Amino acid sequence: MSVDVAPLSTRPAPARGPLEGATPDARPTLAVWKFASCDGCQLTLLNCEAELLALADRVQVAYFPEATRAVVAGPYDVSLVEGSITTAEDAERIQQVRAQSGTLVTIGACATAGGIQALRNLADVGELAAAVYPRPDQLAYLARSTPIASHVTVDVQLYGCPIDRGQLLEVLAAVLAGRAPRLPSGSVCAECKRRGTVCVAVADGLACLGPVTRAGCGALCPAHHRGCYGCFGPQDTPNGRSLATVLGEGGMAAVDVERAFRTFATGAEAFRAATAPPIATGASPTDAAAGHGGRP
Amino acid sequence: MAGPAILPSRGLQALVDALLARGYRVLGPQVRDGAVVLADLTDIDALPLGVGDEQAPGHYRLREGGAERAFGFAATAQSPKSVLFPPDELLWRGRRTDDGFSVEPASPADDPDHRPVAILGARGCDVAAIAVQDRVLLGREHVDAHYAARRAGAFLVAVTCSDPAGTCFCASVGTGPRPRAGSDLVLTELADPHRYLVEAGTPAGQALLGALDTTPATPDDLAAADELVADATARMGRTMRTDDLPELLNASAESPRWAAIAERCLACTNCTAVCPTCFCTGVQDVGDLTGALDERHRVWDSCFSQPYSYIHGGAVRTWTASRYRQWLTHKLATWTEQFGTSGCVGCGRCITWCPAGIDLTAEVATIRELAEAHDAVAAGAPGGAPTDGGAPTPGGLR
Ligand code: SF4
Ligand code: SF4
Ligand code: SF4
Ligand code: SF4
């Protein structure tokens, strides 16, 4: 992973509140930071094609290496932070980012839950490194992949793998207006029913994590006849153990149920606890062992 | 009013055409994504001919139904609530002006299709649920203007249920299988030969019926319809005793059963979304990036969601047990005090579409058993200790 050349200065972070623009340019400044991640969430910003011009009118993109080499020195009114903390350098760098940022918004499953790379948290990372790399002694890494909020105070969290475009725009609009963003914390099922999707779990027996997963995507996967993979992580009152029991009773093998909960938001405690210790089911591992979408 | 009439099998198309010609948007049952749903209908060949359904707690499958039946299934996946009281309703728009802001209320023209709706195939439970929503949304001091406008223009063609599902219990709560008053027309699908018995329930229904090519119904037609109703009543999948409900639930606030249900309940809100009488909503403001335009929407919410009970300082119902208790007690007990009717019409949707398969009829029965056992213990009777029900409720429900 390359290390960002961060244009950090020692100026104090600007105060929070409605943004009038903290730089000589009247527009508030926006910075986009990357930690351990795939860049997909940052690209969501570039995918806001229809809104990009309006956005450029309202904010000055001050630091966004994925989009432009032009760099404006900090501090920054709004920082979008992608990725999890997996190295000692990053653990230090996130402190600097925090110090330079007005409103700090984490974006995506990596930044909010540790990402798929948090699978290492459930294993001996030294063993994994030895299995993959010829010279593991040359690696420097932390034993666990942790979300940004484990290191610094986070103002707003945007979940998902990747994040939802509409939610990103809502947060930016809210921060610019000095109001709280409206982000749902309940289940994906609520969005499924609002858009009139027929439940793929009830009507087709697909494994769906929607009941325990945080809304925000608009129930994307069930609308395409897929069970929810849980990429937004747990909803505000997740009952993972009940859903694990339901999946097991539907014929899914215990190992498959466990894998279903261990993907994008594997670092989320509620998803880990859903299958720990393993729930008992009668079935044997099936070809749904890829971890998702198995029909009983 | 003229009496019951017989509409020949293909005459149903003339009924749909007549509604379309009068400017209605016609919605009728159709198969989509493995379920029967309400969708725009222009051609009766799109109806689920020969399709039946199988419904059980947390389970729905289509199956082969009576070959000649166009309505041989039970409750659709979502009820007419999704049309008359839609999940997302624009209330008003605000625009920034030079000296402040202006507000424009939403108008019917904001709906992409703002024709009045005709719903074909509503069941007894659906018609009863619309009557409940009428009381809740129109019968109080502050009338819901958006619902009122949709409802005033709506035309209901109800259908008698011939094939109730495993989760149906309309017969227990007196809402079906024959639709009660409230529909403009009621159809009963009869076989050999395939035809419809049509009864008008309103002057508008009578006028439409008069414009169709029908023959007067014979005593044999009426007897066939009665037989169909008796047969459907006998095949109702579930029952619920209702005579003691408000007292039972109001006295069971501390029942240990709530905690046991919370072990299974996913707090996913599916039950309230599919329930044809649940009406809880929240408001959402959606602002654009320029800060010049803001829209206020009303969206479905639920007593199963944590933010729904948020008052200053935090949510009141943080534990799922208290949310299920709120829902069931409102639906079956306090609803009666509030609106003079039960909030449950026996459609069974909350049972079928609950991913955890929680069944309110079974929960009511268990709560009653526990209450009776508790009373027996209190009265010193032998063998009356509560059996199943989980841990006692710690320190009252939050
Ligand atoms: S498809 Fe999944 S997310 Fe949608 S209602 Fe069913 S269980 Fe919930
Ligand atoms: S339905 Fe689930 S897996 Fe799919 S995008 Fe939404 S949260 Fe992610
Ligand atoms: S509570 Fe359940 S059975 Fe009763 S009307 Fe609502 S969805 Fe139907
Ligand atoms: S009762 Fe069933 S549908 Fe309702 S919130 Fe609980 S799990 Fe979801």
# chains A, B, ... in the order shown; residues from 1 in each chain; ligands from 1

call {"tool": "interface_residues", "arguments": {"of": "chain B", "to": "chain A", "cutoff": "7 Å", "atoms": "only C-alpha atoms", "output": "number ranges by chain"}}
result
B: 33-35, 58-61, 87, 263-264, 266-270, 273, 287-291, 305, 353, 355-356

call {"tool": "residues_near_ligand", "arguments": {"ligand": "ligand 3", "cutoff": "6 Å", "atoms": "only C-alpha atoms and all ligand atoms", "output": "PyMOL selection string"}}
result
chain B and resi 274-276+344-350

call {"tool": "write_last_selection", "arguments": {"atoms": "N, CA and C atoms", "output": "PDB file, in the first residue's frame"}}
result
ATOM      1  N   VAL B 274     -45.881  -4.594   5.952  1.00  0.00           N
ATOM      2  CA  VAL B 274     -46.883  -5.339   5.189  1.00  0.00           C
ATOM      3  C   VAL B 274     -48.269  -5.261   5.817  1.00  0.00           C
ATOM      4  N   CYS B 275     -48.358  -4.874   7.078  1.00  0.00           N
ATOM      5  CA  CYS B 275     -49.668  -4.809   7.727  1.00  0.00           C
ATOM      6  C   CYS B 275     -50.513  -3.725   7.052  1.00  0.00           C
ATOM      7  N   PRO B 276     -51.727  -4.071   6.625  1.00  0.00           N
ATOM      8  CA  PRO B 276     -52.531  -3.102   5.874  1.00  0.00           C
ATOM      9  C   PRO B 276     -53.105  -1.977   6.734  1.00  0.00           C
ATOM     10  N   CYS B 344     -56.356  -5.246  13.718  1.00  0.00           N
ATOM     11  CA  CYS B 344     -55.979  -6.450  12.964  1.00  0.00           C
ATOM     12  C   CYS B 344     -57.175  -6.959  12.180  1.00  0.00           C
ATOM     13  N   VAL B 345     -56.988  -7.148  10.872  1.00  0.00           N
ATOM     14  CA  VAL B 345     -58.062  -7.642  10.016  1.00  0.00           C
ATOM     15  C   VAL B 345     -57.847  -9.089   9.595  1.00  0.00           C
ATOM     16  N   GLY B 346     -56.821  -9.727  10.164  1.00  0.00           N
ATOM     17  CA  GLY B 346     -56.648 -11.162   9.952  1.00  0.00           C
ATOM     18  C   GLY B 346     -56.076 -11.574   8.611  1.00  0.00           C
ATOM     19  N   CYS B 347     -55.304 -10.681   7.971  1.00  0.00           N
ATOM     20  CA  CYS B 347     -54.779 -11.001   6.635  1.00  0.00           C
ATOM     21  C   CYS B 347     -53.599 -11.964   6.678  1.00  0.00           C
ATOM     22  N   GLY B 348     -52.934 -12.054   7.841  1.00  0.00           N
ATOM     23  CA  GLY B 348     -51.814 -12.987   7.978  1.00  0.00           C
ATOM     24  C   GLY B 348     -50.502 -12.531   7.369  1.00  0.00           C
ATOM     25  N   ARG B 349     -50.470 -11.331   6.783  1.00  0.00           N
ATOM     26  CA  ARG B 349     -49.235 -10.903   6.115  1.00  0.00           C
ATOM     27  C   ARG B 349     -48.051 -10.793   7.075  1.00  0.00           C
ATOM     28  N   CYS B 350     -48.322 -10.312   8.305  1.00  0.00           N
ATOM     29  CA  CYS B 350     -47.216 -10.150   9.242  1.00  0.00           C
ATOM     30  C   CYS B 350     -46.603 -11.498   9.607  1.00  0.00           C
TER      31      CYS B 350
END

call {"tool": "closest_residue", "arguments": {"among": "A:Arg93, A:Arg27, A:Arg179, A:Lys34", "to": "Val61 in chain A", "atoms": "only C-alpha atoms"}}
result
A:Arg27

call {"tool": "atom_distance", "arguments": {"atom1": "CA of Ala145 in chain B", "atom2": "CA of Ile311 in chain B"}}
result
26.5 Å

call {"tool": "closest_atom_pairs", "arguments": {"of": "chain A", "to": "ligand 2", "cutoff": "8 Å", "atoms": "only C-alpha atoms and all ligand atoms", "output": "tab-separated table"}}
result
residue	atom	partner	partner_atom_place_in_ligand_line	distance
A:Gly160	CA	ligand 2	8 (Fe)	5.8
A:Cys161	CA	ligand 2	8 (Fe)	6.3
A:Pro162	CA	ligand 2	5 (S)	7.6
A:Val188	CA	ligand 2	1 (S)	6.7
A:Leu209	CA	ligand 2	2 (Fe)	6.9
A:Gly210	CA	ligand 2	2 (Fe)	6.0
A:Thr213	CA	ligand 2	7 (S)	6.3
A:Arg214	CA	ligand 2	7 (S)	6.6
A:Ala215	CA	ligand 2	7 (S)	6.6
A:Gly216	CA	ligand 2	6 (Fe)	7.0
A:Cys217	CA	ligand 2	6 (Fe)	4.6
A:Gly218	CA	ligand 2	6 (Fe)	6.7
A:Ala219	CA	ligand 2	1 (S)	4.5
A:Leu220	CA	ligand 2	1 (S)	4.7
A:Cys221	CA	ligand 2	1 (S)	4.2
A:Pro222	CA	ligand 2	1 (S)	6.1
A:Arg226	CA	ligand 2	4 (Fe)	7.9
A:Gly227	CA	ligand 2	1 (S)	7.0
A:Cys228	CA	ligand 2	2 (Fe)	3.7
A:Tyr229	CA	ligand 2	3 (S)	3.7
A:Gly230	CA	ligand 2	2 (Fe)	4.4
A:Cys231	CA	ligand 2	8 (Fe)	3.9
A:Phe232	CA	ligand 2	7 (S)	4.5
A:Gly233	CA	ligand 2	7 (S)	7.2

call {"tool": "write_last_selection", "arguments": {"atoms": "N, CA and C atoms", "output": "PDB file, in the first residue's frame"}}
result
ATOM      1  N   GLY A 160     -21.097   0.800   4.017  1.00  0.00           N
ATOM      2  CA  GLY A 160     -21.315   0.149   2.725  1.00  0.00           C
ATOM      3  C   GLY A 160     -20.040  -0.202   2.009  1.00  0.00           C
ATOM      4  N   CYS A 161     -20.147  -1.180   1.124  1.00  0.00           N
ATOM      5  CA  CYS A 161     -19.005  -1.601   0.310  1.00  0.00           C
ATOM      6  C   CYS A 161     -19.474  -1.729  -1.118  1.00  0.00           C
ATOM      7  N   PRO A 162     -19.430  -0.626  -1.911  1.00  0.00           N
ATOM      8  CA  PRO A 162     -18.992   0.702  -1.491  1.00  0.00           C
ATOM      9  C   PRO A 162     -20.140   1.492  -0.868  1.00  0.00           C
ATOM     10  N   VAL A 188     -32.279  -3.077   6.394  1.00  0.00           N
ATOM     11  CA  VAL A 188     -32.451  -3.035   4.942  1.00  0.00           C
ATOM     12  C   VAL A 188     -33.888  -3.416   4.568  1.00  0.00           C
ATOM     13  N   LEU A 209     -29.085 -11.177   4.618  1.00  0.00           N
ATOM     14  CA  LEU A 209     -28.696 -10.549   5.885  1.00  0.00           C
ATOM     15  C   LEU A 209     -29.427  -9.227   6.112  1.00  0.00           C
ATOM     16  N   GLY A 210     -30.373  -8.902   5.219  1.00  0.00           N
ATOM     17  CA  GLY A 210     -31.086  -7.632   5.326  1.00  0.00           C
ATOM     18  C   GLY A 210     -31.673  -7.324   6.697  1.00  0.00           C
ATOM     19  N   THR A 213     -28.979  -5.917   8.841  1.00  0.00           N
ATOM     20  CA  THR A 213     -28.053  -4.983   8.199  1.00  0.00           C
ATOM     21  C   THR A 213     -28.634  -3.579   8.141  1.00  0.00           C
ATOM     22  N   ARG A 214     -27.770  -2.606   8.297  1.00  0.00           N
ATOM     23  CA  ARG A 214     -28.149  -1.201   8.312  1.00  0.00           C
ATOM     24  C   ARG A 214     -28.645  -0.742   6.939  1.00  0.00           C
ATOM     25  N   ALA A 215     -29.738  -0.032   6.920  1.00  0.00           N
ATOM     26  CA  ALA A 215     -30.274   0.507   5.665  1.00  0.00           C
ATOM     27  C   ALA A 215     -29.345   1.587   5.119  1.00  0.00           C
ATOM     28  N   GLY A 216     -29.589   1.986   3.897  1.00  0.00           N
ATOM     29  CA  GLY A 216     -28.812   3.066   3.307  1.00  0.00           C
ATOM     30  C   GLY A 216     -28.567   2.868   1.825  1.00  0.00           C
ATOM     31  N   CYS A 217     -28.581   1.602   1.392  1.00  0.00           N
ATOM     32  CA  CYS A 217     -28.328   1.310  -0.019  1.00  0.00           C
ATOM     33  C   CYS A 217     -29.616   1.341  -0.827  1.00  0.00           C
ATOM     34  N   GLY A 218     -30.773   1.464  -0.154  1.00  0.00           N
ATOM     35  CA  GLY A 218     -32.038   1.367  -0.870  1.00  0.00           C
ATOM     36  C   GLY A 218     -32.414  -0.079  -1.162  1.00  0.00           C
ATOM     37  N   ALA A 219     -31.854  -1.013  -0.417  1.00  0.00           N
ATOM     38  CA  ALA A 219     -32.112  -2.458  -0.620  1.00  0.00           C
ATOM     39  C   ALA A 219     -31.775  -2.878  -2.043  1.00  0.00           C
ATOM     40  N   LEU A 220     -30.545  -2.601  -2.399  1.00  0.00           N
ATOM     41  CA  LEU A 220     -30.052  -2.830  -3.755  1.00  0.00           C
ATOM     42  C   LEU A 220     -30.067  -4.307  -4.142  1.00  0.00           C
ATOM     43  N   CYS A 221     -29.450  -5.151  -3.320  1.00  0.00           N
ATOM     44  CA  CYS A 221     -29.259  -6.551  -3.730  1.00  0.00           C
ATOM     45  C   CYS A 221     -30.577  -7.311  -3.882  1.00  0.00           C
ATOM     46  N   PRO A 222     -31.503  -7.231  -2.899  1.00  0.00           N
ATOM     47  CA  PRO A 222     -32.771  -7.943  -3.107  1.00  0.00           C
ATOM     48  C   PRO A 222     -33.514  -7.465  -4.360  1.00  0.00           C
ATOM     49  N   ARG A 226     -30.953 -10.921  -5.162  1.00  0.00           N
ATOM     50  CA  ARG A 226     -29.843 -11.451  -4.370  1.00  0.00           C
ATOM     51  C   ARG A 226     -30.182 -11.204  -2.918  1.00  0.00           C
ATOM     52  N   GLY A 227     -29.745 -12.101  -2.051  1.00  0.00           N
ATOM     53  CA  GLY A 227     -29.834 -11.783  -0.642  1.00  0.00           C
ATOM     54  C   GLY A 227     -28.857 -10.678  -0.320  1.00  0.00           C
ATOM     55  N   CYS A 228     -29.157  -9.918   0.718  1.00  0.00           N
ATOM     56  CA  CYS A 228     -28.229  -8.878   1.167  1.00  0.00           C
ATOM     57  C   CYS A 228     -26.987  -9.542   1.738  1.00  0.00           C
ATOM     58  N   TYR A 229     -25.820  -9.029   1.357  1.00  0.00           N
ATOM     59  CA  TYR A 229     -24.549  -9.565   1.841  1.00  0.00           C
ATOM     60  C   TYR A 229     -24.104  -8.902   3.148  1.00  0.00           C
ATOM     61  N   GLY A 230     -24.868  -7.921   3.601  1.00  0.00           N
ATOM     62  CA  GLY A 230     -24.529  -7.279   4.868  1.00  0.00           C
ATOM     63  C   GLY A 230     -23.414  -6.266   4.768  1.00  0.00           C
ATOM     64  N   CYS A 231     -23.250  -5.659   3.593  1.00  0.00           N
ATOM     65  CA  CYS A 231     -22.062  -4.820   3.421  1.00  0.00           C
ATOM     66  C   CYS A 231     -22.142  -3.522   4.222  1.00  0.00           C
ATOM     67  N   PHE A 232     -23.339  -3.120   4.659  1.00  0.00           N
ATOM     68  CA  PHE A 232     -23.432  -1.901   5.468  1.00  0.00           C
ATOM     69  C   PHE A 232     -23.166  -2.177   6.950  1.00  0.00           C
ATOM     70  N   GLY A 233     -22.972  -3.429   7.308  1.00  0.00           N
ATOM     71  CA  GLY A 233     -22.738  -3.747   8.713  1.00  0.00           C
ATOM     72  C   GLY A 233     -24.035  -3.738   9.502  1.00  0.00           C
TER      73      GLY A 233
END

call {"tool": "closest_residue", "arguments": {"among": "B:Glu254, B:Val299, B:Cys280, B:Pro177", "to": "Ala371 in chain B", "atoms": "only C-alpha atoms"}}
result
B:Glu254

call {"tool": "select_by_dssp", "arguments": {"residues": "range 173-354 of chain B", "states": "helix (DSSP H, G or I)", "output": "ChimeraX atom specification"}}
result
/B:173,203-210,219-234,245-250,257-264,270-274,307-309,320-339,349-352

call {"tool": "atom_distance", "arguments": {"atom1": "CA of Pro136 in chain A", "atom2": "CA of Trp33 in chain A"}}
result
27.2 Å

call {"tool": "residues_around", "arguments": {"residues": "Leu328 in chain B", "least_positions_apart": "5", "cutoff": "9 Å", "atoms": "only C-alpha atoms", "output": "mmCIF file with N, CA, C and O atoms, in the first residue's frame"}}
result
data_model
loop_
_atom_site.group_PDB
_atom_site.id
_atom_site.type_symbol
_atom_site.label_atom_id
_atom_site.label_comp_id
_atom_site.auth_asym_id
_atom_site.auth_seq_id
_atom_site.Cartn_x
_atom_site.Cartn_y
_atom_site.Cartn_z
ATOM 1 N N LEU B 249 -54.251 -8.329 26.956
ATOM 2 C CA LEU B 249 -52.962 -7.701 26.641
ATOM 3 C C LEU B 249 -52.659 -6.549 27.594
ATOM 4 O O LEU B 249 -51.508 -6.357 27.997
ATOM 5 N N ARG B 323 -40.651 -3.259 21.891
ATOM 6 C CA ARG B 323 -41.216 -2.868 20.596
ATOM 7 C C ARG B 323 -42.291 -3.860 20.162
ATOM 8 O O ARG B 323 -43.356 -3.474 19.687
ATOM 9 N N ALA B 333 -55.263 -4.202 21.274
ATOM 10 C CA ALA B 333 -55.913 -3.731 22.500
ATOM 11 C C ALA B 333 -56.141 -2.221 22.484
ATOM 12 O O ALA B 333 -57.277 -1.755 22.397
ATOM 13 N N LEU B 360 -48.391 -13.906 15.233
ATOM 14 C CA LEU B 360 -49.108 -13.218 16.315
ATOM 15 C C LEU B 360 -50.233 -14.048 16.901
ATOM 16 O O LEU B 360 -50.512 -13.946 18.098
ATOM 17 N N VAL B 364 -50.352 -14.645 20.853
ATOM 18 C CA VAL B 364 -51.513 -14.293 21.681
ATOM 19 C C VAL B 364 -51.950 -15.507 22.501
ATOM 20 O O VAL B 364 -52.226 -15.406 23.705
#

call {"tool": "residues_around", "arguments": {"residues": "Glu227 in chain B", "least_positions_apart": "5", "cutoff": "12 Å", "atoms": "only C-alpha atoms", "output": "JSON, numbers by chain"}}
result
{"B": [160, 161, 162, 177, 178, 188, 189, 190, 191, 220, 221, 222, 232, 233, 234]}

call {"tool": "closest_residue", "arguments": {"among": "A:Leu206, A:Val32, A:Ala270, A:Leu128", "to": "ligand 1", "atoms": "only C-alpha atoms and all ligand atoms"}}
result
A:Leu206

call {"tool": "select_by_dssp", "arguments": {"residues": "range 2-250 of chain A", "states": "strand (DSSP E)", "output": "list in words"}}
result
Thr29, Leu30, Ala31, Val32, Trp33, Lys34, Gln60, Val61, Ala62, Tyr63, Tyr76, Asp77, Val78, Ser79, Leu80, Val81, Glu82, Ser101, Gly102, Thr103, Leu104, Val105, Thr106, Ile107, Val156, Gln157 and Leu158 of chain A

call {"tool": "atom_distance", "arguments": {"atom1": "CA of Phe339 in chain B", "atom2": "CA of Val136 in chain B"}}
result
6.7 Å

call {"tool": "residues_around", "arguments": {"residues": "range 77-82 of chain A", "least_positions_apart": "4", "cutoff": "10 Å", "atoms": "only C-alpha atoms", "output": "ChimeraX atom specification"}}
result
/A:13-17,19-23,27-42,45,59-64,94,97-98,100-112,147-148,154,156-158,168,172,175-176

call {"tool": "residues_around", "arguments": {"residues": "Gln138 in chain A", "least_positions_apart": "5", "cutoff": "12 Å", "atoms": "only C-alpha atoms", "output": "ChimeraX atom specification"}}
result
/A:126,129-130,133

call {"tool": "residues_around", "arguments": {"residues": "range 139-144 of chain A", "least_positions_apart": "5", "cutoff": "10 Å", "atoms": "only C-alpha atoms", "output": "list in words"}}
result
Ser84, Ile85, Thr86, Thr87, Ala88, Glu89, Asp90, Ala91, Gly114, Gln117, Ala118, Leu119, Arg120, Asn121, Leu122, Ala123, Asp124, Val125, Gly126, Ala129, Tyr133 and Gly267 of chain A

call {"tool": "closest_residue", "arguments": {"among": "B:Arg140, B:Lys81, B:Arg325, B:Arg257", "to": "ligand 4", "atoms": "only C-alpha atoms and all ligand atoms"}}
result
B:Arg325

call {"tool": "closest_residue", "arguments": {"among": "B:Val26, B:Ala379, B:Thr341, B:Ala77", "to": "ligand 1", "atoms": "only C-alpha atoms and all ligand atoms"}}
result
B:Ala77
